[in-house]
$ cat entry17.tsv   # TSV, C-alpha atoms and all ligand atoms
chain	number	residue	atom	x	y	z
Z	313	MET	CA	74.73	117.20	64.68
Z	314	SER	CA	74.67	120.59	63.04
Z	315	THR	CA	71.62	122.75	62.47
Z	316	PRO	CA	70.00	121.81	59.15
Z	317	ASP	CA	69.78	124.45	56.47
Z	318	ALA	CA	66.26	125.13	55.15
Z	319	SER	CA	67.64	124.99	51.61
Z	320	THR	CA	69.00	121.43	51.71
Z	321	ASP	CA	66.64	118.65	50.63
Z	322	ALA	CA	68.22	115.99	52.83
Z	323	PRO	CA	67.52	117.00	56.43
Z	324	PRO	CA	68.90	114.78	59.20
Z	325	ALA	CA	66.56	111.97	60.14
Z	326	PRO	CA	64.68	112.22	63.44
Z	327	ARG	CA	65.11	109.38	65.92
Z	328	HIS	CA	61.42	108.52	65.64
Z	329	PRO	CA	60.18	109.54	62.20
Z	330	PRO	CA	56.41	109.72	61.78
Z	331	ARG	CA	54.79	106.63	60.31
Z	332	TRP	CA	54.19	107.46	56.64
Z	333	ASP	CA	52.16	105.17	54.50
Z	334	ALA	CA	52.03	106.13	50.83
Z	335	THR	CA	48.56	104.59	50.46
Z	336	ASP	CA	47.13	106.49	53.43
Z	337	THR	CA	46.60	109.93	51.96
Z	338	PRO	CA	44.14	112.40	53.49
Z	339	PRO	CA	40.90	113.27	51.71
Z	340	PRO	CA	41.45	116.30	49.46
Z	341	PRO	CA	40.81	119.59	51.27
Z	342	PHE	CA	37.43	121.26	50.73
Z	343	ASP	CA	37.39	122.82	47.25
Z	344	GLU	CA	36.83	126.55	47.66
Z	345	ASP	CA	37.81	127.71	44.17
Z	346	ALA	CA	34.27	128.81	43.34
Z	347	LEU	CA	33.58	130.26	46.79
Z	348	LEU	CA	36.32	132.86	47.20
Z	349	SER	CA	34.12	135.93	46.85
Z	350	LEU	CA	31.19	134.88	49.01
Z	351	SER	CA	29.73	137.38	51.46
Z	352	PRO	CA	29.99	136.43	55.16
Z	353	THR	CA	26.28	135.48	55.16
Z	354	GLU	CA	26.67	133.25	52.09
Z	355	ALA	CA	29.79	131.66	53.57
Z	356	ALA	CA	27.95	130.98	56.83
Z	357	ARG	CA	25.28	129.15	54.84
Z	358	VAL	CA	27.94	126.95	53.17
Z	359	VAL	CA	29.48	126.16	56.56
Z	360	GLU	CA	26.16	124.92	57.95
Z	361	ARG	CA	26.35	122.06	55.45
Z	362	LEU	CA	30.01	121.16	56.04
Z	363	PRO	CA	31.02	118.25	58.27
Z	364	LEU	CA	32.86	119.10	61.51
Z	365	THR	CA	35.83	117.11	60.20
Z	366	THR	CA	36.31	119.35	57.13
Z	367	ARG	CA	39.93	119.90	56.12
Z	368	PHE	CA	40.91	123.15	54.43
Z	369	GLY	CA	43.77	124.20	52.16
Z	370	LEU	CA	45.92	127.11	53.37
Z	371	ARG	CA	45.96	129.78	50.63
Z	372	GLU	CA	47.46	133.25	50.44
Z	373	GLU	CA	44.33	134.62	52.09
Z	374	ILE	CA	42.02	133.13	54.69
Z	375	THR	CA	38.81	132.52	52.71
Z	376	PRO	CA	35.26	133.61	53.60
Z	377	VAL	CA	34.26	129.96	54.21
Z	378	GLN	CA	37.26	129.41	56.54
Z	379	ARG	CA	36.38	132.57	58.49
Z	380	ALA	CA	32.76	131.46	58.80
Z	381	PHE	CA	33.79	127.95	59.93
Z	382	LEU	CA	36.13	129.39	62.56
Z	383	SER	CA	33.50	131.83	63.75
Z	384	LEU	CA	30.79	129.12	64.07
Z	385	HIS	CA	32.83	126.18	65.38
Z	386	GLY	CA	35.96	127.78	66.88
Z	387	TYR	CA	38.61	125.90	64.91
Z	388	LEU	CA	40.09	125.07	61.49
Z	389	VAL	CA	42.17	122.13	60.28
Z	390	TYR	CA	44.58	122.77	57.38
Z	391	ASP	CA	45.86	119.99	55.18
Z	392	ARG	CA	49.63	119.38	55.45
Z	393	VAL	CA	51.07	122.88	55.63
Z	394	ALA	CA	54.59	121.54	56.38
Z	395	SER	CA	56.31	119.22	53.91
Z	396	ARG	CA	57.61	115.80	54.77
Z	397	GLY	CA	61.19	117.12	54.75
Z	398	GLU	CA	60.23	119.96	57.11
Z	399	VAL	CA	58.44	117.58	59.48
Z	400	ASP	CA	61.58	115.42	59.65
Z	401	ALA	CA	63.85	118.45	60.03
Z	402	ILE	CA	61.83	119.90	62.92
Z	403	LEU	CA	61.69	116.54	64.71
Z	404	ALA	CA	65.44	116.12	64.25
Z	405	GLU	CA	65.99	119.64	65.60
Z	406	VAL	CA	63.98	118.78	68.71
Z	407	ASP	CA	66.11	115.64	69.16
Z	408	ARG	CA	69.22	117.82	68.90
Z	409	VAL	CA	67.94	120.43	71.38
Z	410	GLU	CA	66.86	117.65	73.77
Z	411	ALA	CA	70.38	116.15	73.70
Z	412	GLU	CA	71.86	119.60	74.32
Z	413	LEU	CA	69.58	120.26	77.30
Z	414	LEU	CA	70.39	116.85	78.78
Z	415	ALA	CA	74.13	117.33	78.31
Z	416	GLU	CA	73.96	120.74	80.00
Z	417	GLY	CA	71.62	119.50	82.74
Z	418	ARG	CA	69.37	122.42	81.81
Z	419	ARG	CA	65.81	122.16	83.12
Z	420	LYS	CA	64.35	125.55	82.27
Z	421	ILE	CA	64.31	127.83	79.26
Z	422	HIS	CA	63.45	131.46	80.01
Z	423	GLY	CA	61.70	130.35	83.20
Z	424	VAL	CA	59.57	127.65	81.54
Z	425	PRO	CA	60.43	124.19	82.91
Z	426	VAL	CA	61.51	121.51	80.44
Z	427	TRP	CA	59.71	118.33	81.42
Z	428	PHE	CA	61.87	115.24	81.21
Z	429	GLY	CA	60.39	111.82	81.95
Z	430	LEU	CA	61.37	108.40	80.63
Z	431	ASP	CA	60.74	107.02	77.16
Z	432	PRO	CA	59.48	103.47	76.41
Z	433	ASP	CA	63.13	102.31	76.49
Z	434	GLY	CA	63.70	103.84	79.92
Z	435	HIS	CA	65.86	106.75	78.71
Z	436	ASP	CA	65.44	110.40	79.64
Z	437	TYR	CA	62.84	111.88	77.34
Z	438	LEU	CA	61.59	115.40	76.78
Z	439	PHE	CA	57.79	115.71	77.07
Z	440	ARG	CA	57.30	119.45	76.86
Z	441	MET	CA	59.47	122.46	76.30
Z	442	GLY	CA	58.79	126.15	75.72
Z	443	PHE	CA	60.88	128.63	73.70
Z	444	THR	CA	61.94	125.85	71.33
Z	445	SER	CA	62.73	128.22	68.48
Z	446	VAL	CA	65.08	130.26	70.68
Z	447	LEU	CA	67.38	127.21	70.69
Z	448	SER	CA	66.84	126.33	67.04
Z	449	PRO	CA	67.64	128.78	64.23
Z	450	TYR	CA	66.00	126.36	61.77
Z	451	LEU	CA	62.74	126.44	63.68
Z	452	SER	CA	62.91	130.20	64.09
Z	453	ARG	CA	63.17	130.58	60.29
Z	454	PHE	CA	60.42	128.03	59.77
Z	455	VAL	CA	57.81	129.74	61.98
Z	456	HIS	CA	58.49	133.04	60.18
Z	457	ASP	CA	57.98	131.51	56.73
Z	458	ALA	CA	55.74	133.52	54.37
Z	459	ARG	CA	53.16	130.72	54.12
Z	460	PHE	CA	52.03	131.51	57.70
Z	461	GLU	CA	51.38	135.18	56.91
Z	462	PRO	CA	47.61	134.66	56.32
Z	463	VAL	CA	47.38	132.96	59.72
Z	464	ARG	CA	49.15	135.91	61.34
Z	465	ARG	CA	46.80	138.40	59.68
Z	466	LEU	CA	43.82	136.30	60.79
Z	467	ILE	CA	44.88	136.99	64.35
Z	468	GLY	CA	45.49	140.68	63.70
Z	469	ASP	CA	47.34	142.98	61.32
Z	470	ASP	CA	49.64	143.89	64.19
Z	471	ALA	CA	50.05	140.28	65.46
Z	472	ARG	CA	53.60	138.99	65.84
Z	473	ILE	CA	55.14	135.59	66.55
Z	474	GLY	CA	55.97	135.60	70.25
Z	475	GLU	CA	59.18	133.60	70.04
Z	476	ARG	CA	60.36	135.17	73.30
Z	477	GLU	CA	56.97	135.91	74.88
Z	478	LYS	CA	54.55	133.86	76.99
Z	479	ASP	CA	55.89	130.25	76.68
Z	480	GLY	CA	57.36	130.87	73.21
Z	481	VAL	CA	57.05	128.06	70.65
Z	482	VAL	CA	55.94	125.03	72.70
Z	483	PHE	CA	56.86	121.50	71.63
Z	484	ASN	CA	54.83	118.57	73.08
Z	485	ARG	CA	55.39	114.84	73.05
Z	486	TYR	CA	52.91	112.27	74.36
Z	487	VAL	CA	53.64	108.58	74.79
Z	488	ARG	CA	52.21	105.80	76.93
Z	489	ALA	CA	54.95	103.94	78.81
Z	490	GLU	CA	56.16	103.24	82.30
Z	491	GLY	CA	57.90	106.43	83.32
Z	492	SER	CA	55.97	108.55	80.83
Z	493	LEU	CA	55.10	111.98	82.19
Z	494	ARG	CA	51.92	112.03	80.16
Z	495	PRO	CA	50.13	109.93	77.59
Z	496	ASP	CA	47.36	112.56	77.35
Z	497	LEU	CA	46.17	115.99	78.47
Z	498	ALA	CA	42.90	116.56	80.36
Z	499	TRP	CA	40.09	118.99	79.38
Z	500	HIS	CA	41.07	122.64	79.49
Z	501	THR	CA	40.83	125.98	77.75
Z	502	ASP	CA	44.01	127.86	76.87
Z	503	ALA	CA	42.26	131.05	77.94
Z	504	LEU	CA	42.92	130.18	81.58
Z	505	ARG	CA	46.65	130.47	80.90
Z	506	ASP	CA	46.01	133.87	79.34
Z	507	VAL	CA	44.14	134.94	82.46
Z	508	PHE	CA	47.32	134.16	84.40
Z	509	TYR	CA	49.50	136.05	81.95
Z	510	ASN	CA	47.28	139.10	81.53
Z	511	ARG	CA	45.35	139.13	84.78
Z	512	LYS	CA	42.19	139.83	82.83
Z	513	MET	CA	39.30	137.83	81.46
Z	514	PRO	CA	39.87	135.97	78.21
Z	515	GLY	CA	39.09	137.72	74.95
Z	516	PRO	CA	39.42	136.26	71.48
Z	517	MET	CA	42.73	134.49	71.05
Z	518	LEU	CA	43.78	131.86	68.53
Z	519	ASN	CA	46.20	128.99	69.03
Z	520	ILE	CA	48.15	127.66	66.09
Z	521	GLY	CA	49.31	124.05	66.24
Z	522	LEU	CA	51.47	121.97	63.96
Z	523	HIS	CA	50.98	118.20	64.05
Z	524	PHE	CA	53.74	115.72	63.32
Z	525	ASP	CA	52.13	112.29	63.47
Z	526	ARG	CA	49.51	110.32	61.63
Z	527	ILE	CA	46.75	109.97	64.18
Z	528	ARG	CA	43.51	108.27	63.25
Z	529	SER	CA	40.50	109.17	65.37
Z	530	HIS	CA	40.61	105.87	67.28
Z	531	GLU	CA	44.31	106.43	68.04
Z	532	GLY	CA	43.81	109.31	70.46
Z	533	GLY	CA	44.85	112.87	69.64
Z	534	LEU	CA	43.27	116.29	69.85
Z	535	ARG	CA	39.58	116.49	70.84
Z	536	LEU	CA	37.68	119.75	70.50
Z	537	LEU	CA	34.26	120.81	71.79
Z	538	PRO	CA	32.91	122.83	68.85
Z	539	GLY	CA	31.16	126.08	69.62
Z	540	THR	CA	32.48	126.39	73.17
Z	541	HIS	CA	34.51	129.47	72.19
Z	542	THR	CA	31.38	131.66	72.35
Z	543	GLN	CA	30.12	130.32	75.66
Z	544	GLY	CA	30.77	133.37	77.84
Z	545	VAL	CA	33.37	133.84	80.53
Z	546	GLY	CA	31.53	131.68	83.11
Z	547	SER	CA	31.62	128.54	80.95
Z	548	THR	CA	35.13	129.26	79.74
Z	549	LEU	CA	36.35	129.12	83.29
Z	550	LEU	CA	33.92	126.61	84.83
Z	551	LYS	CA	32.15	124.37	82.28
Z	552	LYS	CA	34.48	121.56	83.32
Z	553	VAL	CA	37.22	121.55	85.92
Z	554	HIS	CA	40.46	122.52	84.19
Z	555	PHE	CA	43.07	119.75	83.81
Z	556	VAL	CA	41.14	117.18	85.87
Z	557	SER	CA	38.88	114.97	83.78
Z	558	ASN	CA	39.81	113.40	80.45
Z	559	ARG	CA	36.49	111.61	79.86
Z	560	SER	CA	35.10	111.71	76.35
Z	561	ASP	CA	32.20	114.04	75.68
Z	562	ALA	CA	29.38	113.11	73.28
Z	563	ARG	CA	29.84	116.40	71.41
Z	564	GLU	CA	33.63	116.29	71.04
Z	565	VAL	CA	35.25	116.24	67.60
Z	566	PRO	CA	38.35	114.09	67.14
Z	567	VAL	CA	40.97	115.84	65.02
Z	568	GLU	CA	42.51	113.25	62.76
Z	569	THR	CA	45.96	114.35	61.59
Z	570	TRP	CA	48.52	113.65	58.91
Z	571	PRO	CA	52.09	114.81	59.52
Z	572	GLY	CA	52.42	118.51	58.66
Z	573	ASP	CA	48.77	119.43	59.35
Z	574	LEU	CA	48.08	122.78	60.96
Z	575	THR	CA	45.22	123.57	63.33
Z	576	VAL	CA	43.82	126.87	64.50
Z	577	HIS	CA	41.67	126.85	67.60
Z	578	ASP	CA	40.08	129.57	69.67
Z	579	GLY	CA	41.79	129.69	73.07
Z	580	ARG	CA	38.42	129.89	74.83
Z	581	MET	CA	37.25	126.55	73.46
Z	582	TRP	CA	37.36	123.39	75.59
Z	583	HIS	CA	39.76	120.74	74.31
Z	584	ARG	CA	41.90	117.81	75.43
Z	585	VAL	CA	44.34	115.23	74.13
Z	586	GLU	CA	43.13	111.62	74.22
Z	587	GLY	CA	45.98	109.21	74.91
Z	588	SER	CA	46.95	106.58	72.38
Z	589	PRO	CA	45.51	103.09	72.89
Z	590	TYR	CA	49.01	101.78	72.12
Z	591	THR	CA	51.78	101.49	74.66
Z	592	GLY	CA	55.29	102.36	73.52
Z	593	TRP	CA	56.64	104.13	70.45
Z	594	LYS	CA	53.70	103.08	68.27
Z	595	GLY	CA	51.52	105.60	70.12
Z	596	LEU	CA	53.96	108.52	70.00
Z	597	ARG	CA	52.29	111.85	69.22
Z	598	ARG	CA	53.97	115.23	68.79
Z	599	SER	CA	52.60	118.75	68.42
Z	600	MET	CA	54.02	122.26	68.35
Z	601	TYR	CA	52.18	125.47	69.23
Z	602	VAL	CA	53.22	128.87	67.93
Z	603	PRO	CA	52.16	131.91	69.95
Z	604	TYR	CA	50.87	134.91	68.00
Z	605	VAL	CA	50.80	137.90	70.27
Z	606	VAL	CA	49.02	141.23	70.08
Z	607	ASP	CA	49.60	142.51	73.64
Z	608	ARG	CA	52.38	144.81	74.72
Z	609	TYR	CA	55.84	143.33	73.99
Z	610	GLN	CA	56.97	141.50	77.13
Z	611	PRO	CA	59.98	139.38	76.18
Z	612	LYS	CA	61.45	136.81	78.55
Z	613	ASP	CA	65.05	135.86	79.09
Z	614	GLU	CA	67.13	133.48	81.19
Z	615	HIS	CA	66.38	135.53	84.32
Z	616	SER	CA	62.58	135.24	83.95
Z	617	ALA	CA	60.69	133.51	86.77
Z	618	THR	CA	58.58	130.37	86.24
Z	619	PRO	CA	55.01	131.48	85.40
Z	620	ALA	CA	52.56	130.86	88.25
Z	621	TYR	CA	50.32	128.65	86.11
Z	622	LEU	CA	53.22	126.27	85.47
Z	623	GLN	CA	54.47	125.94	89.03
Z	624	LEU	CA	51.82	123.41	90.12
Z	625	PHE	CA	52.23	121.33	86.94
Z	626	ASP	CA	55.96	121.44	87.38
Z	627	ALA	CA	55.69	120.03	90.90
Z	628	ILE	CA	53.46	117.19	89.60
Z	629	MET	CA	55.83	116.42	86.72
Z	630	ARG	CA	58.85	116.33	89.03
Z	631	LEU	CA	57.03	113.93	91.34
Z	632	ARG	CA	56.14	111.67	88.40
Z	633	LYS	CA	59.73	111.72	87.19
Z	634	ARG	CA	61.05	110.86	90.67
Z	635	ARG	CA	58.59	107.94	90.97
Z	636	ALA	CA	59.45	106.66	87.50
Z	637	THR	CA	63.16	106.80	88.20
Z	638	LYS	CA	62.73	105.05	91.56
Z	639	ALA	CA	60.62	102.29	89.99
Z	640	ARG	CA	63.55	101.33	87.75
Z	701	LIG	O1	49.00	118.54	71.82
Z	701	LIG	C1	48.02	119.19	71.43
Z	701	LIG	O2	47.63	119.15	70.27
Z	701	LIG	C2	47.29	120.09	72.38
Z	701	LIG	C3	48.13	120.71	73.43
Z	701	LIG	C4	47.35	121.68	74.26
Z	701	LIG	O3	46.17	121.74	74.21
Z	701	LIG	C5	48.08	122.59	75.14
Z	701	LIG	O4	49.29	122.42	75.33
Z	701	LIG	O5	47.45	123.51	75.68
Z	702	FE	FE	45.46	123.59	75.02
$ encode --input "entry17.tsv" --output "structure tokens" --more "lines below"
Ligand SMILES: O=C(O)CCC(=O)C(=O)O
Ligand SMILES: [Fe+2]
Amino acid sequence: MSTPDASTDAPPAPRHPPRWDATDTPPPPFDEDALLSLSPTEAARVVERLPLTTRFGLREEITPVQRAFLSLHGYLVYDRVASRGEVDAILAEVDRVEAELLAEGRRKIHGVPVWFGLDPDGHDYLFRMGFTSVLSPYLSRFVHDARFEPVRRLIGDDARIGEREKDGVVFNRYVRAEGSLRPDLAWHTDALRDVFYNRKMPGPMLNIGLHFDRIRSHEGGLRLLPGTHTQGVGSTLLKKVHFVSNRSDAREVPVETWPGDLTVHDGRMWHRVEGSPYTGWKGLRRSMYVPYVVDRYQPKDEHSATPAYLQLFDAIMRLRKRRATKAR
């Protein structure tokens, strides 16, 4: 399969396209047309009345209400920022890269392990990879698209897309099956990872995620603990034990998604991924995280070592894969 061109309207079909239902459209994003010149104090007052499940529209500028929502709650959900064609094209690109990695027997990209488990049919299946855009020119063009410029400026005027830094563009798949490496992801903050990378305490940092599947709140998906981004370093590191429990919390907010949605969340906020109640392909969920970096430029290459924070996870994933393969 060749790399799709962003200009064609017929991208190759992914192996597992998202479930689209024409009658299941999201509620319209919050109408901000009359609120674009509010002061921060006025915007904060508007936000106090908004539900935690508010969906926003991504415009050329991040609006005062969006800034106030992010500042109070620690996250934002944007209505379908990627088109249906783009969602399909990205998923097909990941299929292509996965096949390439399998054919080459490659298990690391720039030091970040590629986690292969088994899919519901018992075939090798990629669960997480870093530096995805390094292997996909289509994806590299996509993440640099002008529509994401306001998101970049939200992080900082000098922020850049770290395609070759940290873990690069990370692609995640979750599915419940025998041999699955993970149906879910336990409570954590992303700030802990930053502590490993920077060897300093977490400061403000935003994570930008793209969501590829229709996930209703009872079907698992991202869970956020609003407000935990301003909790202070102690709670960031110790409020819960990182990557251990995945029990629901009375204050958590389920993030319902439609394919193409974009989320912004503060890296210091506690969050998790609830597994799907469905076993097999019906519960497949995919997400992609784009790193925006402001630190000194520290690119990685094929000689880079595996980051310390990933070594333990990697050992666990390998063990799971070995067990799954043996059980067959
Ligand atoms: O899949 C998601 O939406 C969340 C992933 C996540 O929290 C992470 O990889 O740190
Ligand atoms: Fe995370």
$ residues_near_ligand --input "entry17.tsv" --ligand "ligand LIG 701 (chain Z)" --cutoff "9 Å" --atoms "only C-alpha atoms and all ligand atoms" --output "ChimeraX atom specification"
/Z:440,482-486,496-502,505,519,521-523,533-535,575,579,583-585,597-601
$ write_last_selection --input "entry17.tsv" --atoms "C-alpha atoms" --output "short mmCIF file (atom, residue, chain, number, x, y, z; two decimals), in the frame of the given file"
data_model
loop_
_atom_site.label_atom_id
_atom_site.label_comp_id
_atom_site.auth_asym_id
_atom_site.auth_seq_id
_atom_site.Cartn_x
_atom_site.Cartn_y
_atom_site.Cartn_z
CA ARG Z 440 57.30 119.45 76.86
CA VAL Z 482 55.94 125.03 72.70
CA PHE Z 483 56.86 121.50 71.63
CA ASN Z 484 54.83 118.57 73.08
CA ARG Z 485 55.39 114.84 73.05
CA TYR Z 486 52.91 112.27 74.36
CA ASP Z 496 47.36 112.56 77.35
CA LEU Z 497 46.17 115.99 78.47
CA ALA Z 498 42.90 116.56 80.36
CA TRP Z 499 40.09 118.99 79.38
CA HIS Z 500 41.07 122.64 79.49
CA THR Z 501 40.83 125.98 77.75
CA ASP Z 502 44.01 127.86 76.87
CA ARG Z 505 46.65 130.47 80.90
CA ASN Z 519 46.20 128.99 69.03
CA GLY Z 521 49.31 124.05 66.24
CA LEU Z 522 51.47 121.97 63.96
CA HIS Z 523 50.98 118.20 64.05
CA GLY Z 533 44.85 112.87 69.64
CA LEU Z 534 43.27 116.29 69.85
CA ARG Z 535 39.58 116.49 70.84
CA THR Z 575 45.22 123.57 63.33
CA GLY Z 579 41.79 129.69 73.07
CA HIS Z 583 39.76 120.74 74.31
CA ARG Z 584 41.90 117.81 75.43
CA VAL Z 585 44.34 115.23 74.13
CA ARG Z 597 52.29 111.85 69.22
CA ARG Z 598 53.97 115.23 68.79
CA SER Z 599 52.60 118.75 68.42
CA MET Z 600 54.02 122.26 68.35
CA TYR Z 601 52.18 125.47 69.23
#
$ residues_around --input "entry17.tsv" --residues "Tyr590 in chain Z" --least-positions-apart "3" --cutoff "8 Å" --atoms "only C-alpha atoms" --output "ChimeraX atom specification"
/Z:488,531,594-595
$ atom_distance --input "entry17.tsv" --atom1 "CA of Leu348 in chain Z" --atom2 "CA of Phe381 in chain Z"
13.9 Å
$ atom_distance --input "entry17.tsv" --atom1 "CA of His541 in chain Z" --atom2 "CA of Leu364 in chain Z"
15.0 Å
$ closest_residue --input "entry17.tsv" --among "Z:Val406, Z:Ile520, Z:Leu622, Z:Leu438" --to "ligand FE 702 (chain Z)" --atoms "all atoms listed in the file"
Z:Ile520
$ residues_around --input "entry17.tsv" --residues "range 458-463 of chain Z" --least-positions-apart "3" --cutoff "8 Å" --atoms "only C-alpha atoms" --output "list of chain:residue names"
Z:Arg371, Z:Glu372, Z:Glu373, Z:Ile374, Z:Val455, Z:Leu466, Z:Ile467
$ closest_residue --input "entry17.tsv" --among "Z:Lys420, Z:Lys638, Z:Arg559, Z:His554" --to "ligand FE 702 (chain Z)" --atoms "only C-alpha atoms and all ligand atoms"
Z:His554
$ residues_around --input "entry17.tsv" --residues "Phe368 in chain Z" --least-positions-apart "3" --cutoff "6 Å" --atoms "all atoms listed in the file" --output "list in words"
Pro341, Phe342, Tyr390 and Asp391 of chain Z
$ closest_residue --input "entry17.tsv" --among "Z:Pro329, Z:Ser349, Z:Leu518, Z:Thr335" --to "Arg464 in chain Z" --atoms "all atoms listed in the file"
Z:Leu518
$ closest_residue --input "entry17.tsv" --among "Z:Asn558, Z:Thr618, Z:Ser529, Z:Thr337" --to "Pro571 in chain Z" --atoms "all atoms listed in the file"
Z:Thr337
$ closest_residue --input "entry17.tsv" --among "Z:Leu370, Z:Leu362, Z:Ala415, Z:Val602" --to "ligand FE 702 (chain Z)" --atoms "all atoms listed in the file"
Z:Val602
$ closest_residue --input "entry17.tsv" --among "Z:Glu477, Z:Asp578, Z:Asp336, Z:Glu344" --to "ligand FE 702 (chain Z)" --atoms "all atoms listed in the file"
Z:Asp578
$ atom_distance --input "entry17.tsv" --atom1 "CA of Asp400 in chain Z" --atom2 "CA of Pro324 in chain Z"
7.4 Å
$ decode --input "entry17.tsv" --residues "range 572-588 of chain Z" --atoms "C-alpha atoms" --output "PDB file, in the first residue's frame"
ATOM      1  CA  GLY Z 572     -12.043  13.030  14.855  1.00  0.00           C
ATOM      2  CA  ASP Z 573     -12.547  14.707  18.256  1.00  0.00           C
ATOM      3  CA  LEU Z 574      -9.578  16.444  19.820  1.00  0.00           C
ATOM      4  CA  THR Z 575      -8.865  16.742  23.537  1.00  0.00           C
ATOM      5  CA  VAL Z 576      -6.489  18.975  25.431  1.00  0.00           C
ATOM      6  CA  HIS Z 577      -5.617  17.988  28.969  1.00  0.00           C
ATOM      7  CA  ASP Z 578      -3.203  19.357  31.513  1.00  0.00           C
ATOM      8  CA  GLY Z 579      -0.419  16.821  32.068  1.00  0.00           C
ATOM      9  CA  ARG Z 580      -0.689  17.246  35.842  1.00  0.00           C
ATOM     10  CA  MET Z 581      -4.305  16.086  35.939  1.00  0.00           C
ATOM     11  CA  TRP Z 582      -5.215  12.541  37.000  1.00  0.00           C
ATOM     12  CA  HIS Z 583      -6.784  10.451  34.241  1.00  0.00           C
ATOM     13  CA  ARG Z 584      -7.268   6.879  33.067  1.00  0.00           C
ATOM     14  CA  VAL Z 585      -8.783   4.832  30.264  1.00  0.00           C
ATOM     15  CA  GLU Z 586     -11.751   2.659  31.227  1.00  0.00           C
ATOM     16  CA  GLY Z 587     -11.820  -0.573  29.236  1.00  0.00           C
ATOM     17  CA  SER Z 588     -14.709  -1.368  26.933  1.00  0.00           C
TER      18      SER Z 588
END
